[in-house]
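Inspection log for the structure reproduced underneath, given as structure tokens.
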Amino acid sequence: MGQYRAWLEAYGTAYLEAAAWTLSLAVLSFIAALIWGAVLFFLRLSGGTWVARSVDAYVQVLRNTPVLLPIYLIYFGFPLLGVLWPAAVCGGVALVLQNGAYICEIFRGGYKAIEWVQHDAAKSLGLLPWTHFRKVTLPQILVHSIPALGNQAVLLLKDTSLLSAITVIELTMQSKVLTERTGTAYAPFLVAAVFYLAMVWALEVLTQLALRSVRWR
Amino acid sequence: MTEAWHKVLACVARSLTPLVAALALIASVCAGSAQERSRLDEVLQRGSLIVVTLGTVPPFAFKDDKGELVGFDIDVARLAANALFRDPNKIEFVVVTSDGRWPAIESGRADMGVGGTTVYPDRAIRVAFTRAFIDSGISIMVAKSAGIKSLQDLNQEKYTVANLNNPQMADRAAALFPKAKIITFDTPSGEFLAVKSGRAHALQIDTPTADYFAATSATDFEVLPTLLTASQNNAIYLKPGDFKWWLWLDTFVSELRTGSLYPKYAEIYQKWFKKDPPPQKFYLSPAR
């Protein structure tokens, strides 16, 4: 036990710092991905045929490639074009690009789940397009999307571990550094796992709260 | 009559209880000693050696053009298999990334590890090392275009240096070029990509690997002439606490460096480094 206490004293702050990186990367990327996903969804919904097809193509490409590819391309490729963003920004942008594609599809699924007669009913009531959207469409999309969005947030949080490949010292990289320094096999990764579990648990609570607040409005 | 029999049976039953307990105790002690059986016996019984290694550290352990695992440390492992079984091919390699080495040893997945692995006091708390079988050190490779000629040049805020995630490099960077910015990768390929893409101006890498890359693929790089510190030790590593197995491996390394296996050692040293190894003994003239 004393061994572990010494270990925590030596590396505790390093872990907290790494956890802060993981959490802030996940939160900021998720907010940006929500916005980007919503933009894509509106383009898909209200743009012309070609806009819709372009969005579809984007979604297909980004959803069907491992996120490590955009991470590498942006981090190692952009400097060749003279764009030298910090590693965390490169990784965050890659996560936003992919998760935006997923979130666009989540919104689209939520939209498709609305029975068509409701739109007919809204029109026959004489609702203007904006009121129609605000009062009929949007609340239902949100209710339908929230569980899937919560899921996506969990996936995004775990994908931040891939940024260890491009020098971001987040939880996974911190564990790798410590296991290399001390030759300890499991402990560094178990500590990281506890942090991840706690964050995912918090996300699940938030998802439940969000669901409740929308449902009983 | 029956009553007497009952008494006898009861007596037997009573005496059986401690007997059973004693048997259980002996069995558990036997099981315990079975667990403490040396890895050496296990290896000999299995008839092959399982070795954890890396696949990305030429010329120690890497994949050649045909995709086969080769290198100086791979040959050292084969010499160990040959010493155990008179057959260098009675060996199985487990290829991992650098931070996968320790779980492979601790879990018992592999009997021993070898492959560009440097002895470090922090590591020796949880992993056992043999004596060193080769010197190592860390060199700096710089992009020729960066115009860096010495460590003093490098120690400026405008420069970025790519490290691997091991303690040797972190400690040296802090001691020798504290002003330069450090970025940390988990693979050598990440370090090279970083310099090629202009994210970093220089990278730290094991000296033999640096020499190998500079001579073969990375012609737009050069190796800074100064060795950063005195030389370090690369060794075979294993799970601590198994004296018999450690002793065999350490004896093997000793024989390799200074004894009966020195001719073979000189042979593979020539093959991978194109020069003679350090002399067999300090009071003997250099090899051959």
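In the structure tokens, each chain is lettered A, B, ... as it comes, each chain's residues begin at 1, and ligands are numbered from 1 in order of appearance.
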Pull the alpha helix (DSSP H) assignments for region 47-206 of chain A out of DSSP run on the backbone, and list those residues as an MDAnalysis selection string. chainID A and resid 49:63 68:72 87:112 116:124 129:132 138:159 171:182 187:206
Please check the contacts: residues of chain A at most 7 Å away from chain B, using only C-alpha atoms, listed as an mmCIF file with C-alpha atoms, in the first residue's frame.
```cif
data_model
loop_
_atom_site.group_PDB
_atom_site.id
_atom_site.type_symbol
_atom_site.label_atom_id
_atom_site.label_comp_id
_atom_site.auth_asym_id
_atom_site.auth_seq_id
_atom_site.Cartn_x
_atom_site.Cartn_y
_atom_site.Cartn_z
ATOM 1 C CA PHE A 76 1.808 15.516 -40.329
ATOM 2 C CA GLY A 77 0.282 16.725 -43.605
ATOM 3 C CA PRO A 79 2.784 21.483 -42.007
ATOM 4 C CA LEU A 80 3.777 20.580 -45.586
ATOM 5 C CA ALA A 165 0.037 9.152 -31.407
ATOM 6 C CA ILE A 166 0.620 12.854 -32.096
ATOM 7 C CA THR A 167 2.343 13.927 -28.869
ATOM 8 C CA LYS A 176 2.656 4.943 -21.722
ATOM 9 C CA VAL A 177 5.288 7.385 -20.487
ATOM 10 C CA THR A 179 5.078 2.410 -17.921
ATOM 11 C CA GLU A 180 8.219 3.140 -19.954
ATOM 12 C CA ARG A 181 9.877 4.989 -17.089
ATOM 13 C CA THR A 182 9.160 2.462 -14.386
ATOM 14 C CA GLY A 183 8.740 -0.828 -16.249
ATOM 15 C CA THR A 184 5.387 -1.198 -14.433
ATOM 16 C CA ALA A 185 3.097 -3.347 -16.532
ATOM 17 C CA TYR A 186 -0.467 -2.664 -15.461
#
```
Using only C-alpha atoms, determine which residues lie at most 9 Å from region 192-205 of chain A, disregarding the query and same-chain residues fewer than 4 positions distant; provide the list as a JSON list (two decimals) with N, CA, C and O atoms, in the first residue's frame.
```json
[["chain", "number", "residue", "atom", "x", "y", "z"],
["A", 15, "TYR", "N", -1.00, 12.78, -13.63],
["A", 15, "TYR", "CA", -2.26, 12.16, -14.07],
["A", 15, "TYR", "C", -3.40, 13.18, -14.13],
["A", 15, "TYR", "O", -4.19, 13.17, -15.06],
["A", 19, "ALA", "N", -5.56, 14.04, -17.27],
["A", 19, "ALA", "CA", -7.01, 13.88, -17.26],
["A", 19, "ALA", "C", -7.68, 15.19, -17.69],
["A", 19, "ALA", "O", -8.69, 15.18, -18.40],
["A", 22, "THR", "N", -7.56, 15.28, -21.41],
["A", 22, "THR", "CA", -8.55, 14.37, -21.99],
["A", 22, "THR", "C", -9.94, 14.99, -21.92],
["A", 22, "THR", "O", -10.67, 15.04, -22.91],
["A", 23, "LEU", "N", -10.28, 15.49, -20.73],
["A", 23, "LEU", "CA", -11.64, 16.00, -20.52],
["A", 23, "LEU", "C", -11.89, 17.23, -21.37],
["A", 23, "LEU", "O", -12.92, 17.33, -22.05],
["A", 150, "GLY", "N", -25.50, 10.84, -26.56],
["A", 150, "GLY", "CA", -24.76, 10.45, -25.35],
["A", 150, "GLY", "C", -23.75, 9.36, -25.66],
["A", 150, "GLY", "O", -22.60, 9.41, -25.22],
["A", 151, "ASN", "N", -24.20, 8.40, -26.44],
["A", 151, "ASN", "CA", -23.34, 7.31, -26.88],
["A", 151, "ASN", "C", -22.13, 7.84, -27.65],
["A", 151, "ASN", "O", -20.99, 7.43, -27.44],
["A", 153, "ALA", "N", -20.87, 10.79, -27.51],
["A", 153, "ALA", "CA", -19.96, 11.52, -26.62],
["A", 153, "ALA", "C", -19.00, 10.55, -25.93],
["A", 153, "ALA", "O", -17.80, 10.84, -25.79],
["A", 154, "VAL", "N", -19.52, 9.38, -25.54],
["A", 154, "VAL", "CA", -18.67, 8.37, -24.90],
["A", 154, "VAL", "C", -17.59, 7.90, -25.89],
["A", 154, "VAL", "O", -16.41, 7.80, -25.55],
["A", 157, "LEU", "N", -14.99, 10.58, -26.32],
["A", 157, "LEU", "CA", -14.10, 10.64, -25.14],
["A", 157, "LEU", "C", -13.02, 9.57, -25.24],
["A", 157, "LEU", "O", -11.84, 9.82, -25.01],
["A", 158, "LYS", "N", -13.42, 8.37, -25.62],
["A", 158, "LYS", "CA", -12.44, 7.29, -25.70],
["A", 158, "LYS", "C", -11.48, 7.48, -26.87],
["A", 158, "LYS", "O", -10.32, 7.10, -26.80],
["A", 171, "LEU", "N", -4.42, 11.07, -21.08],
["A", 171, "LEU", "CA", -4.32, 9.95, -20.13],
["A", 171, "LEU", "C", -3.55, 8.75, -20.67],
["A", 171, "LEU", "O", -2.69, 8.18, -19.99],
["A", 172, "THR", "N", -3.84, 8.36, -21.92],
["A", 172, "THR", "CA", -3.20, 7.17, -22.46],
["A", 172, "THR", "C", -1.70, 7.38, -22.63],
["A", 172, "THR", "O", -0.89, 6.52, -22.27],
["A", 174, "GLN", "N", 0.15, 9.52, -21.03],
["A", 174, "GLN", "CA", 0.74, 9.62, -19.70],
["A", 174, "GLN", "C", 1.03, 8.21, -19.17],
["A", 174, "GLN", "O", 2.08, 7.96, -18.60],
["A", 175, "SER", "N", 0.08, 7.29, -19.38],
["A", 175, "SER", "CA", 0.28, 5.91, -18.93],
["A", 175, "SER", "C", 1.45, 5.27, -19.65],
["A", 175, "SER", "O", 2.26, 4.56, -19.04],
["A", 187, "ALA", "N", -0.28, -1.07, -13.64],
["A", 187, "ALA", "CA", -0.77, 0.00, -12.79],
["A", 187, "ALA", "C", -1.05, 1.31, -13.55],
["A", 187, "ALA", "O", -2.13, 1.88, -13.39],
["A", 188, "PRO", "N", -0.13, 1.79, -14.41],
["A", 188, "PRO", "CA", -0.42, 3.07, -15.08],
["A", 188, "PRO", "C", -1.69, 3.02, -15.90],
["A", 188, "PRO", "O", -2.46, 3.99, -15.93],
["A", 209, "LEU", "N", -29.94, 13.31, -17.56],
["A", 209, "LEU", "CA", -30.51, 14.60, -17.18],
["A", 209, "LEU", "C", -31.05, 15.33, -18.40],
["A", 209, "LEU", "O", -32.16, 15.89, -18.38],
["A", 210, "ALA", "N", -30.26, 15.30, -19.47],
["A", 210, "ALA", "CA", -30.68, 16.00, -20.69],
["A", 210, "ALA", "C", -31.97, 15.39, -21.22],
["A", 210, "ALA", "O", -32.91, 16.11, -21.61]]
```
Expressed in Å to a single decimal, how great is the separation between CA of Ser217 (chain B) and CA of Ala173 (chain B)?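 Pair CA of Ser217 (chain B) / CA of Ala173 (chain B) returns 25.3 Å.
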Between CA of Phe85 (chain B) and CA of Arg39 (chain B), what is the distance, to one decimal in Å?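 Going from CA of Phe85 (chain B) over to CA of Arg39 (chain B) covers 15.0 Å.
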Show which residues sit within 9 Å of Ala113 (chain A), as a PDB file with N, CA and C atoms, in the first residue's frame. Count only C-alpha atoms, and ignore same-chain residues fewer than 2 positions away.
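File produced: out_25.pdb:
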```
ATOM      1  N   ARG A 108     -30.345  13.094 -38.524  1.00  0.00           N
ATOM      2  CA  ARG A 108     -31.173  12.680 -39.645  1.00  0.00           C
ATOM      3  C   ARG A 108     -32.088  11.517 -39.223  1.00  0.00           C
ATOM      4  N   GLY A 109     -31.524  10.614 -38.435  1.00  0.00           N
ATOM      5  CA  GLY A 109     -32.327   9.497 -37.920  1.00  0.00           C
ATOM      6  C   GLY A 109     -33.463  10.010 -37.052  1.00  0.00           C
ATOM      7  N   GLY A 110     -33.132  11.008 -36.196  1.00  0.00           N
ATOM      8  CA  GLY A 110     -34.146  11.586 -35.315  1.00  0.00           C
ATOM      9  C   GLY A 110     -35.254  12.250 -36.112  1.00  0.00           C
ATOM     10  N   TYR A 111     -34.853  12.896 -37.213  1.00  0.00           N
ATOM     11  CA  TYR A 111     -35.824  13.577 -38.080  1.00  0.00           C
ATOM     12  C   TYR A 111     -36.718  12.559 -38.774  1.00  0.00           C
ATOM     13  N   GLU A 115     -43.282  10.946 -37.560  1.00  0.00           N
ATOM     14  CA  GLU A 115     -44.295  10.480 -38.521  1.00  0.00           C
ATOM     15  C   GLU A 115     -44.664  11.606 -39.487  1.00  0.00           C
ATOM     16  N   TRP A 116     -44.809  11.285 -40.764  1.00  0.00           N
ATOM     17  CA  TRP A 116     -45.007  12.317 -41.780  1.00  0.00           C
ATOM     18  C   TRP A 116     -46.316  13.076 -41.588  1.00  0.00           C
ATOM     19  N   GLN A 140     -38.787  17.026 -31.293  1.00  0.00           N
ATOM     20  CA  GLN A 140     -38.809  15.571 -31.480  1.00  0.00           C
ATOM     21  C   GLN A 140     -37.453  15.042 -31.914  1.00  0.00           C
ATOM     22  N   ILE A 141     -36.755  15.830 -32.771  1.00  0.00           N
ATOM     23  CA  ILE A 141     -35.393  15.407 -33.149  1.00  0.00           C
ATOM     24  C   ILE A 141     -34.538  15.274 -31.896  1.00  0.00           C
ATOM     25  N   HIS A 144     -35.417  12.202 -29.830  1.00  0.00           N
ATOM     26  CA  HIS A 144     -34.963  10.981 -30.476  1.00  0.00           C
ATOM     27  C   HIS A 144     -33.443  10.863 -30.480  1.00  0.00           C
TER      28      HIS A 144
END
```
List the neighbours of region 59-76 of chain B out to 7 Å using only C-alpha atoms; skip same-chain residues closer than 3 positions along the sequence, and give me the result as a PDB file with N, CA and C atoms, in the first residue's frame.
```pdb
ATOM      1  N   LEU B  54      10.973  -5.936 -30.106  1.00  0.00           N
ATOM      2  CA  LEU B  54      10.382  -4.835 -30.863  1.00  0.00           C
ATOM      3  C   LEU B  54      10.586  -5.113 -32.350  1.00  0.00           C
ATOM      4  N   GLY B  55       9.844  -4.430 -33.200  1.00  0.00           N
ATOM      5  CA  GLY B  55      10.005  -4.649 -34.633  1.00  0.00           C
ATOM      6  C   GLY B  55      10.430  -3.408 -35.384  1.00  0.00           C
ATOM      7  N   THR B  56      10.789  -2.349 -34.643  1.00  0.00           N
ATOM      8  CA  THR B  56      11.020  -1.060 -35.306  1.00  0.00           C
ATOM      9  C   THR B  56      12.347  -0.421 -34.923  1.00  0.00           C
ATOM     10  N   LEU B  79      21.019 -17.198 -30.678  1.00  0.00           N
ATOM     11  CA  LEU B  79      22.170 -17.846 -30.043  1.00  0.00           C
ATOM     12  C   LEU B  79      21.761 -18.450 -28.702  1.00  0.00           C
ATOM     13  N   ALA B  80      20.846 -17.760 -27.995  1.00  0.00           N
ATOM     14  CA  ALA B  80      20.353 -18.310 -26.714  1.00  0.00           C
ATOM     15  C   ALA B  80      19.588 -19.601 -26.967  1.00  0.00           C
ATOM     16  N   VAL B 114      14.290  -9.112 -25.440  1.00  0.00           N
ATOM     17  CA  VAL B 114      15.523  -8.526 -25.943  1.00  0.00           C
ATOM     18  C   VAL B 114      15.144  -7.666 -27.140  1.00  0.00           C
ATOM     19  N   GLY B 115      15.865  -6.605 -27.377  1.00  0.00           N
ATOM     20  CA  GLY B 115      15.553  -5.777 -28.550  1.00  0.00           C
ATOM     21  C   GLY B 115      15.671  -4.308 -28.225  1.00  0.00           C
ATOM     22  N   GLY B 116      16.877  -3.770 -28.359  1.00  0.00           N
ATOM     23  CA  GLY B 116      17.085  -2.345 -28.149  1.00  0.00           C
ATOM     24  C   GLY B 116      16.598  -1.861 -26.800  1.00  0.00           C
ATOM     25  N   PRO B 208      23.047   3.280 -32.291  1.00  0.00           N
ATOM     26  CA  PRO B 208      23.196   2.337 -33.415  1.00  0.00           C
ATOM     27  C   PRO B 208      22.072   2.498 -34.439  1.00  0.00           C
ATOM     28  N   THR B 209      20.854   2.804 -33.968  1.00  0.00           N
ATOM     29  CA  THR B 209      19.736   3.011 -34.885  1.00  0.00           C
ATOM     30  C   THR B 209      19.960   4.265 -35.723  1.00  0.00           C
ATOM     31  N   TYR B 212      22.468   3.559 -38.350  1.00  0.00           N
ATOM     32  CA  TYR B 212      21.883   2.714 -39.393  1.00  0.00           C
ATOM     33  C   TYR B 212      21.017   3.534 -40.349  1.00  0.00           C
ATOM     34  N   ILE B 268      28.245 -11.928 -35.384  1.00  0.00           N
ATOM     35  CA  ILE B 268      27.005 -11.167 -35.603  1.00  0.00           C
ATOM     36  C   ILE B 268      27.250  -9.666 -35.442  1.00  0.00           C
ATOM     37  N   TRP B 272      26.162  -6.910 -38.399  1.00  0.00           N
ATOM     38  CA  TRP B 272      25.199  -5.805 -38.267  1.00  0.00           C
ATOM     39  C   TRP B 272      25.842  -4.446 -38.125  1.00  0.00           C
TER      40      TRP B 272
END
```
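Proximity ranking of B:Trp5, B:Tyr283, B:Phe273, B:Phe252 relative to Asp211 (chain B) places B:Phe273 first, based on only C-alpha atoms.
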